[in-house]
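Text of the file protein.cif, holding mmCIF, N, CA and C atoms:
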data_model
#
loop_
_atom_site.label_atom_id
_atom_site.label_comp_id
_atom_site.auth_asym_id
_atom_site.auth_seq_id
_atom_site.Cartn_x
_atom_site.Cartn_y
_atom_site.Cartn_z
N PHE A 26 110.81 92.53 126.65
CA PHE A 26 111.45 93.29 127.69
C PHE A 26 110.93 94.71 127.61
N PHE A 27 110.47 95.25 128.71
CA PHE A 27 109.87 96.58 128.73
C PHE A 27 110.60 97.46 129.73
N GLN A 28 111.04 98.62 129.26
CA GLN A 28 111.65 99.60 130.15
C GLN A 28 110.69 100.76 130.34
N ARG A 29 110.48 101.13 131.54
CA ARG A 29 109.56 102.24 131.79
C ARG A 29 110.11 103.57 131.31
N THR A 30 111.42 103.71 131.35
CA THR A 30 112.01 105.00 130.97
C THR A 30 112.06 105.18 129.46
N VAL A 31 112.17 104.09 128.71
CA VAL A 31 112.24 104.17 127.26
C VAL A 31 111.27 103.16 126.66
N PRO A 32 110.00 103.52 126.54
CA PRO A 32 109.04 102.56 125.99
C PRO A 32 109.28 102.31 124.50
N TYR A 33 108.83 101.18 124.04
CA TYR A 33 108.95 100.84 122.63
C TYR A 33 108.21 101.89 121.81
N PRO A 34 108.84 102.45 120.76
CA PRO A 34 108.21 103.55 120.01
C PRO A 34 106.81 103.24 119.47
N MET A 35 106.59 102.00 119.06
CA MET A 35 105.28 101.64 118.54
C MET A 35 104.20 101.85 119.59
N LEU A 36 104.51 101.58 120.85
CA LEU A 36 103.53 101.76 121.91
C LEU A 36 103.13 103.22 122.04
N MET A 37 104.06 104.10 121.87
CA MET A 37 103.75 105.53 121.95
C MET A 37 102.90 105.96 120.75
N THR A 38 103.17 105.40 119.60
CA THR A 38 102.39 105.73 118.39
C THR A 38 100.94 105.32 118.56
N PHE A 39 100.70 104.21 119.25
CA PHE A 39 99.35 103.72 119.47
C PHE A 39 98.78 104.16 120.81
N ASP A 40 99.32 105.24 121.36
CA ASP A 40 98.79 105.87 122.58
C ASP A 40 98.73 104.92 123.77
N ALA A 41 99.78 104.17 123.97
CA ALA A 41 99.83 103.28 125.13
C ALA A 41 99.81 104.13 126.41
N PRO A 42 99.11 103.66 127.42
CA PRO A 42 99.06 104.43 128.66
C PRO A 42 100.40 104.40 129.39
N ASN A 43 100.57 105.32 130.29
CA ASN A 43 101.77 105.38 131.12
C ASN A 43 101.84 104.09 131.94
N SER A 44 103.00 103.45 131.94
CA SER A 44 103.13 102.17 132.64
C SER A 44 103.29 102.31 134.15
N THR A 45 103.38 103.53 134.63
CA THR A 45 103.55 103.72 136.06
C THR A 45 102.24 104.04 136.78
N ALA A 46 101.16 104.15 136.02
CA ALA A 46 99.87 104.49 136.62
C ALA A 46 98.79 103.55 136.09
N THR A 47 97.73 103.42 136.85
CA THR A 47 96.61 102.59 136.45
C THR A 47 95.81 103.28 135.36
N CYS A 48 95.38 102.50 134.39
CA CYS A 48 94.58 103.04 133.29
C CYS A 48 93.32 102.20 133.18
N THR A 49 92.16 102.81 133.41
CA THR A 49 90.92 102.05 133.36
C THR A 49 90.38 101.91 131.95
N ARG A 50 90.68 102.85 131.10
CA ARG A 50 90.20 102.78 129.72
C ARG A 50 91.16 103.51 128.81
N ARG A 51 91.54 102.87 127.72
CA ARG A 51 92.43 103.51 126.76
C ARG A 51 91.64 104.31 125.76
N GLU A 52 92.17 105.44 125.40
CA GLU A 52 91.53 106.27 124.38
C GLU A 52 91.77 105.63 123.01
N ARG A 53 90.81 105.84 122.14
CA ARG A 53 90.88 105.29 120.80
C ARG A 53 91.37 106.36 119.84
N SER A 54 92.35 106.03 119.03
CA SER A 54 92.82 106.99 118.04
C SER A 54 93.22 106.24 116.78
N ASN A 55 93.24 106.96 115.69
CA ASN A 55 93.64 106.39 114.42
C ASN A 55 94.31 107.51 113.63
N THR A 56 95.61 107.43 113.48
CA THR A 56 96.36 108.48 112.81
C THR A 56 97.15 107.89 111.65
N PRO A 57 97.57 108.72 110.71
CA PRO A 57 98.40 108.24 109.61
C PRO A 57 99.71 107.61 110.10
N LEU A 58 100.23 108.09 111.20
CA LEU A 58 101.46 107.52 111.74
C LEU A 58 101.26 106.08 112.18
N GLN A 59 100.07 105.76 112.67
CA GLN A 59 99.79 104.37 113.04
C GLN A 59 99.78 103.48 111.81
N ALA A 60 99.20 103.95 110.72
CA ALA A 60 99.20 103.17 109.48
C ALA A 60 100.62 102.97 108.97
N LEU A 61 101.44 103.99 109.03
CA LEU A 61 102.84 103.85 108.60
C LEU A 61 103.59 102.86 109.49
N THR A 62 103.29 102.88 110.76
CA THR A 62 103.93 101.94 111.68
C THR A 62 103.53 100.51 111.34
N LEU A 63 102.24 100.29 111.13
CA LEU A 63 101.78 98.95 110.79
C LEU A 63 102.38 98.48 109.46
N TRP A 64 102.58 99.39 108.55
CA TRP A 64 103.10 99.02 107.23
C TRP A 64 104.61 98.78 107.25
N ASN A 65 105.34 99.51 108.10
CA ASN A 65 106.81 99.48 108.02
C ASN A 65 107.54 98.91 109.22
N ASP A 66 106.90 98.77 110.35
CA ASP A 66 107.59 98.27 111.54
C ASP A 66 108.02 96.82 111.31
N PRO A 67 109.27 96.50 111.57
CA PRO A 67 109.77 95.13 111.35
C PRO A 67 108.96 94.07 112.11
N VAL A 68 108.42 94.42 113.25
CA VAL A 68 107.63 93.46 114.02
C VAL A 68 106.39 93.04 113.23
N PHE A 69 105.69 94.01 112.65
CA PHE A 69 104.48 93.69 111.89
C PHE A 69 104.82 92.99 110.57
N PHE A 70 105.95 93.36 109.98
CA PHE A 70 106.38 92.69 108.75
C PHE A 70 106.68 91.22 109.06
N ASP A 71 107.36 90.97 110.17
CA ASP A 71 107.66 89.58 110.56
C ASP A 71 106.37 88.81 110.87
N CYS A 72 105.41 89.47 111.49
CA CYS A 72 104.12 88.80 111.75
C CYS A 72 103.45 88.41 110.45
N ALA A 73 103.46 89.30 109.47
CA ALA A 73 102.85 89.01 108.17
C ALA A 73 103.58 87.87 107.47
N ARG A 74 104.90 87.86 107.55
CA ARG A 74 105.68 86.77 106.95
C ARG A 74 105.36 85.43 107.61
N THR A 75 105.29 85.43 108.91
CA THR A 75 105.01 84.19 109.63
C THR A 75 103.61 83.68 109.31
N LEU A 76 102.63 84.57 109.30
CA LEU A 76 101.28 84.15 108.94
C LEU A 76 101.23 83.68 107.48
N GLY A 77 101.94 84.37 106.60
CA GLY A 77 101.99 83.96 105.21
C GLY A 77 102.56 82.56 105.05
N ARG A 78 103.62 82.27 105.79
CA ARG A 78 104.24 80.93 105.76
C ARG A 78 103.25 79.88 106.26
N LYS A 79 102.53 80.20 107.32
CA LYS A 79 101.55 79.28 107.88
C LYS A 79 100.40 79.03 106.91
N LEU A 80 99.97 80.09 106.23
CA LEU A 80 98.84 79.98 105.30
C LEU A 80 99.17 79.14 104.07
N MET A 81 100.44 78.98 103.76
CA MET A 81 100.80 78.18 102.58
C MET A 81 100.42 76.72 102.77
N GLY A 82 100.09 76.31 103.97
CA GLY A 82 99.63 74.95 104.22
C GLY A 82 98.18 74.73 103.79
N GLU A 83 97.44 75.81 103.52
CA GLU A 83 96.07 75.68 103.04
C GLU A 83 96.08 75.19 101.60
N PRO A 84 95.09 74.41 101.20
CA PRO A 84 95.13 73.77 99.88
C PRO A 84 94.90 74.69 98.68
N THR A 85 94.11 75.75 98.84
CA THR A 85 93.80 76.62 97.71
C THR A 85 94.07 78.08 98.05
N ILE A 86 94.14 78.89 97.02
CA ILE A 86 94.34 80.33 97.23
C ILE A 86 93.17 80.92 98.00
N GLU A 87 91.95 80.51 97.65
CA GLU A 87 90.77 81.02 98.33
C GLU A 87 90.80 80.67 99.81
N ALA A 88 91.21 79.44 100.12
CA ALA A 88 91.29 79.02 101.52
C ALA A 88 92.35 79.83 102.26
N ARG A 89 93.46 80.13 101.60
CA ARG A 89 94.52 80.93 102.23
C ARG A 89 94.02 82.33 102.54
N LEU A 90 93.35 82.93 101.56
CA LEU A 90 92.88 84.30 101.75
C LEU A 90 91.76 84.37 102.79
N ASP A 91 90.86 83.39 102.77
CA ASP A 91 89.80 83.36 103.78
C ASP A 91 90.37 83.19 105.18
N GLN A 92 91.35 82.30 105.31
CA GLN A 92 91.98 82.07 106.62
C GLN A 92 92.74 83.32 107.08
N ALA A 93 93.42 83.99 106.16
CA ALA A 93 94.12 85.23 106.50
C ALA A 93 93.14 86.27 107.00
N PHE A 94 92.02 86.41 106.30
CA PHE A 94 91.00 87.39 106.69
C PHE A 94 90.45 87.07 108.07
N GLU A 95 90.11 85.81 108.29
CA GLU A 95 89.54 85.43 109.59
C GLU A 95 90.56 85.56 110.71
N THR A 96 91.82 85.27 110.43
CA THR A 96 92.85 85.40 111.46
C THR A 96 93.06 86.87 111.83
N CYS A 97 93.08 87.74 110.83
CA CYS A 97 93.35 89.15 111.10
C CYS A 97 92.14 89.91 111.63
N LEU A 98 90.94 89.58 111.15
CA LEU A 98 89.77 90.39 111.49
C LEU A 98 88.71 89.65 112.30
N ALA A 99 88.94 88.37 112.59
CA ALA A 99 88.06 87.58 113.45
C ALA A 99 86.64 87.47 112.90
N ARG A 100 86.52 87.45 111.59
CA ARG A 100 85.22 87.24 110.95
C ARG A 100 85.48 86.81 109.51
N PRO A 101 84.50 86.13 108.91
CA PRO A 101 84.68 85.75 107.51
C PRO A 101 84.50 86.97 106.60
N PRO A 102 85.13 86.96 105.43
CA PRO A 102 84.97 88.09 104.51
C PRO A 102 83.62 88.05 103.81
N THR A 103 83.12 89.22 103.48
CA THR A 103 81.92 89.29 102.66
C THR A 103 82.32 88.95 101.22
N PRO A 104 81.36 88.65 100.35
CA PRO A 104 81.73 88.36 98.95
C PRO A 104 82.50 89.50 98.28
N ALA A 105 82.13 90.74 98.56
CA ALA A 105 82.85 91.88 97.98
C ALA A 105 84.28 91.95 98.51
N GLU A 106 84.45 91.72 99.81
CA GLU A 106 85.80 91.73 100.40
C GLU A 106 86.64 90.59 99.85
N ARG A 107 86.02 89.44 99.67
CA ARG A 107 86.72 88.29 99.12
C ARG A 107 87.21 88.59 97.70
N THR A 108 86.36 89.23 96.91
CA THR A 108 86.72 89.59 95.54
C THR A 108 87.88 90.58 95.51
N ARG A 109 87.79 91.59 96.37
CA ARG A 109 88.87 92.60 96.40
C ARG A 109 90.18 92.01 96.89
N LEU A 110 90.11 91.14 97.88
CA LEU A 110 91.32 90.50 98.39
C LEU A 110 91.94 89.60 97.33
N ARG A 111 91.11 88.89 96.59
CA ARG A 111 91.61 88.04 95.51
C ARG A 111 92.26 88.89 94.41
N GLN A 112 91.66 90.05 94.11
CA GLN A 112 92.25 90.95 93.11
C GLN A 112 93.61 91.46 93.59
N LEU A 113 93.70 91.81 94.88
CA LEU A 113 94.99 92.23 95.44
C LEU A 113 96.01 91.11 95.31
N TYR A 114 95.60 89.90 95.66
CA TYR A 114 96.50 88.74 95.55
C TYR A 114 96.97 88.55 94.11
N ASP A 115 96.05 88.63 93.15
CA ASP A 115 96.41 88.45 91.74
C ASP A 115 97.36 89.55 91.27
N ASP A 116 97.09 90.79 91.68
CA ASP A 116 97.99 91.90 91.31
C ASP A 116 99.38 91.69 91.89
N GLN A 117 99.45 91.29 93.15
CA GLN A 117 100.75 91.06 93.79
C GLN A 117 101.49 89.89 93.16
N THR A 118 100.75 88.86 92.76
CA THR A 118 101.36 87.72 92.08
C THR A 118 101.98 88.17 90.77
N ARG A 119 101.24 88.97 90.01
CA ARG A 119 101.74 89.47 88.73
C ARG A 119 102.98 90.35 88.93
N LEU A 120 102.92 91.27 89.88
CA LEU A 120 104.06 92.16 90.13
C LEU A 120 105.29 91.39 90.60
N THR A 121 105.10 90.42 91.46
CA THR A 121 106.22 89.63 91.96
C THR A 121 106.79 88.74 90.86
N ALA A 122 105.94 88.23 89.99
CA ALA A 122 106.42 87.40 88.88
C ALA A 122 107.26 88.23 87.91
N GLU A 123 106.92 89.51 87.75
CA GLU A 123 107.70 90.40 86.89
C GLU A 123 109.08 90.70 87.48
N GLU A 124 109.18 90.67 88.79
CA GLU A 124 110.43 90.97 89.50
C GLU A 124 110.67 89.88 90.54
N PRO A 125 111.15 88.69 90.11
CA PRO A 125 111.28 87.54 91.03
C PRO A 125 112.19 87.80 92.23
N ALA A 126 113.16 88.68 92.09
CA ALA A 126 114.05 88.96 93.22
C ALA A 126 113.31 89.62 94.38
N SER A 127 112.20 90.28 94.06
CA SER A 127 111.44 90.94 95.13
C SER A 127 110.80 89.92 96.07
N ALA A 128 110.57 88.70 95.59
CA ALA A 128 109.98 87.67 96.46
C ALA A 128 110.89 87.40 97.65
N LYS A 129 112.21 87.33 97.41
CA LYS A 129 113.14 87.10 98.53
C LYS A 129 113.09 88.25 99.52
N SER A 130 113.00 89.45 99.00
CA SER A 130 112.94 90.62 99.87
C SER A 130 111.66 90.61 100.71
N ILE A 131 110.53 90.33 100.07
CA ILE A 131 109.26 90.30 100.79
C ILE A 131 109.26 89.20 101.84
N LEU A 132 109.85 88.06 101.50
CA LEU A 132 109.88 86.93 102.42
C LEU A 132 110.98 87.05 103.47
N GLY A 133 111.82 88.08 103.35
CA GLY A 133 112.88 88.29 104.32
C GLY A 133 114.01 87.29 104.24
N LEU A 134 114.27 86.79 103.03
CA LEU A 134 115.32 85.79 102.85
C LEU A 134 116.62 86.46 102.44
N GLU A 135 117.72 85.89 102.87
CA GLU A 135 119.03 86.37 102.45
C GLU A 135 119.22 86.05 100.97
N ALA A 136 120.17 86.72 100.33
CA ALA A 136 120.40 86.53 98.90
C ALA A 136 120.74 85.09 98.55
N ASP A 137 121.47 84.40 99.44
CA ASP A 137 121.89 83.03 99.14
C ASP A 137 120.98 81.98 99.77
N ALA A 138 119.86 82.40 100.35
CA ALA A 138 118.94 81.46 101.01
C ALA A 138 118.13 80.69 99.97
N ALA A 139 117.76 79.49 100.34
CA ALA A 139 116.92 78.68 99.46
C ALA A 139 115.49 79.22 99.47
N LEU A 140 114.88 79.20 98.30
CA LEU A 140 113.51 79.68 98.19
C LEU A 140 112.53 78.62 98.64
N PRO A 141 111.39 79.04 99.20
CA PRO A 141 110.34 78.06 99.54
C PRO A 141 109.76 77.46 98.26
N ALA A 142 108.85 76.53 98.40
CA ALA A 142 108.29 75.81 97.24
C ALA A 142 107.68 76.76 96.20
N ASP A 143 106.89 77.72 96.61
CA ASP A 143 106.25 78.66 95.69
C ASP A 143 106.46 80.08 96.21
N PRO A 144 107.65 80.66 95.96
CA PRO A 144 107.95 81.97 96.57
C PRO A 144 107.06 83.10 96.08
N ILE A 145 106.63 83.06 94.84
CA ILE A 145 105.79 84.14 94.32
C ILE A 145 104.43 84.12 95.00
N ALA A 146 103.83 82.94 95.13
CA ALA A 146 102.53 82.83 95.81
C ALA A 146 102.65 83.23 97.27
N GLN A 147 103.74 82.79 97.93
CA GLN A 147 103.91 83.12 99.34
C GLN A 147 104.12 84.62 99.52
N ALA A 148 104.87 85.25 98.63
CA ALA A 148 105.08 86.70 98.72
C ALA A 148 103.77 87.44 98.50
N ALA A 149 102.92 86.95 97.61
CA ALA A 149 101.62 87.58 97.38
C ALA A 149 100.72 87.43 98.60
N VAL A 150 100.78 86.30 99.26
CA VAL A 150 100.00 86.09 100.48
C VAL A 150 100.49 87.04 101.58
N VAL A 151 101.80 87.20 101.70
CA VAL A 151 102.36 88.12 102.70
C VAL A 151 101.88 89.54 102.41
N ALA A 152 101.86 89.94 101.15
CA ALA A 152 101.38 91.28 100.80
C ALA A 152 99.90 91.44 101.17
N ALA A 153 99.12 90.41 100.93
CA ALA A 153 97.69 90.47 101.30
C ALA A 153 97.53 90.57 102.81
N VAL A 154 98.32 89.81 103.55
CA VAL A 154 98.25 89.85 105.02
C VAL A 154 98.66 91.23 105.53
N ARG A 155 99.70 91.80 104.94
CA ARG A 155 100.14 93.13 105.36
C ARG A 155 99.03 94.16 105.14
N THR A 156 98.31 94.00 104.04
CA THR A 156 97.20 94.91 103.75
C THR A 156 96.09 94.74 104.78
N LEU A 157 95.76 93.49 105.10
CA LEU A 157 94.73 93.24 106.11
C LEU A 157 95.13 93.81 107.47
N MET A 158 96.42 93.70 107.79
CA MET A 158 96.90 94.21 109.07
C MET A 158 96.91 95.73 109.13
N ASN A 159 96.73 96.37 107.99
CA ASN A 159 96.74 97.83 107.96
C ASN A 159 95.33 98.41 107.87
N LEU A 160 94.33 97.56 107.94
CA LEU A 160 92.95 98.05 107.91
C LEU A 160 92.56 98.66 109.26
N ASP A 161 91.67 99.64 109.20
CA ASP A 161 91.17 100.26 110.42
C ASP A 161 90.52 99.23 111.34
N GLU A 162 89.85 98.27 110.76
CA GLU A 162 89.19 97.23 111.55
C GLU A 162 90.20 96.37 112.33
N PHE A 163 91.38 96.20 111.78
CA PHE A 163 92.44 95.46 112.47
C PHE A 163 92.98 96.27 113.64
N ILE A 164 93.12 97.55 113.43
CA ILE A 164 93.72 98.41 114.45
C ILE A 164 92.77 98.64 115.62
N THR A 165 91.51 98.93 115.33
CA THR A 165 90.56 99.31 116.38
C THR A 165 89.40 98.35 116.43
N ARG A 166 89.61 97.21 116.99
CA ARG A 166 88.52 96.24 117.14
C ARG A 166 87.57 96.71 118.22
N ASP A 167 86.31 96.41 118.02
CA ASP A 167 85.30 96.75 119.03
C ASP A 167 85.06 95.56 119.94
#

Render the structure in this file as C-alpha cells.
Amino acid sequence: FFQRTVPYPMLMTFDAPNSTATCTRRERSNTPLQALTLWNDPVFFDCARTLGRKLMGEPTIEARLDQAFETCLARPPTPAERTRLRQLYDDQTRLTAEEPASAKSILGLEADAALPADPIAQAAVVAAVRTLMNLDEFITRD
C-alpha cells in the first residue's frame, strides 16, 4: 500500500522519485544511511530470514552459500569471495553456538516457538545473507 503524502521511509532513504511526476532516470547514490537501513529495516531482515530458510534445503554449506550469493548478486562468487563468505559463515556459527538463545532472535522466533532442525546453521546462513544484502553491489546493480 503506497500513500503519496507519506511515502515509506526506506524509499526516501534510497532517493525514490516523487510519485506524482514522471521520472525518466533515477539518480544513483550510496550513503551510510542506506547501509543502516539495509542492515536494520525489518523488511530486509525478514527477506534474509526467508531466504535463509529456503537455503536450508540445499544439501551442503557450500551449496547454500553459493546459492545465497547468486540469488543476491546474480552471479557466481569468485574463489576469494567464496572463501570470505565461508569464513563469515564459520564465524557466525561459532558465535551463535556460544550463545544459542541468539539463534531464536536471529531467526525471529518467539521464546516458546519450536526451533528448526539446525537453528545454529540457519542463523549463520541468515547472517551471511544479511551481509550479502548490505554489499554495494546488491544496492546499486548495473

task: Determine the residue set returned by the PyMOL selection byres ((chain A and resi 77) around 8) for the present structure, and present it as a list in words.
output: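 When the PyMOL selection byres ((chain A and resi 77) around 8) is applied to the shown file, the picked residues are Asp71, Cys72, Ala73, Arg74, Thr75, Leu76, Arg78, Lys79, Leu80, Met81, Gly82, Ala93, Ala146, Gln147, Ala148, Ala149, Val150, Val151, Ala152, Val154 and Arg155 of chain A.
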
field: d(atom N of Thr121 in chain A, atom N of Leu160 in chain A) in Å
entry: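 Result for atom N of Thr121 in chain A versus atom N of Leu160 in chain A: 20.9 Å, one decimal.
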
- prompt: Between A:Thr56, A:Phe39, A:Ile145, A:Leu113, which is the closest to Ala126 in chain A once you count only C-alpha atoms?
  reply: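 Counting only C-alpha atoms, the residue closest to Ala126 in chain A is A:Ile145.
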
message: Could you tell me how far atom N of Met158 in chain A sits from atom C of Ala128 in chain A, in Å to one decimal place?
response: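 Straight-line distance from atom C of Ala128 in chain A to atom N of Met158 in chain A works out to 18.8 Å.
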
- request: Determine the residue set returned by the PyMOL selection byres (((chain A and resi 162 and name CA) around 12) and name CA) for the present structure, and present it as JSON, numbers by chain.
  value: {"A": [55, 60, 94, 95, 97, 98, 99, 100, 156, 157, 158, 159, 160, 161, 163, 164, 165, 166, 167]}

Ground truth for the PyMOL selection byres (((chain A and resi 111 and name CA) around 12) and name CA), written as a list in words: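 In the shown coordinates, the PyMOL selection byres (((chain A and resi 111 and name CA) around 12) and name CA) covers Thr85, Ile86, Glu87, Ala88, Arg89, Leu90, Asp91, Ala93, Phe94, Pro102, Pro104, Ala105, Glu106, Arg107, Thr108, Arg109, Leu110, Gln112, Leu113, Tyr114, Asp115, Asp116, Gln117, Thr118, Ala149, Val150, Ala152, Ala153 and Val154 of chain A.
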
query: What is the CA of Gln59 in chain A to CA of Pro34 in chain A distance in Å?
result: 11.0 Å

query: So which bits of chain A end up helix (DSSP H, G or I) when you DSSP the backbone, as number ranges by chain?
result: A: 34-38, 57-65, 67-80, 86-98, 104-123, 126-132, 144-158, 161-164

Please put the answer as lines of an AutoDock Vina configuration file: centre and edge lengths, in Å with one decimal, of a box along x, y and z that encloses all listed atoms of range 46-51 of chain A plus 8 Å on each side.
center_x = 95.7
center_y = 103.2
center_z = 131.3
size_x = 27.0
size_y = 18.6
size_z = 27.1

query: Which is closer to Ser130 in chain A than all the others in A:Phe70, A:Tyr33, A:Ala46, A:Leu63, using only C-alpha atoms?
result: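 Selected residue with least distance to Ser130 in chain A: A:Phe70.
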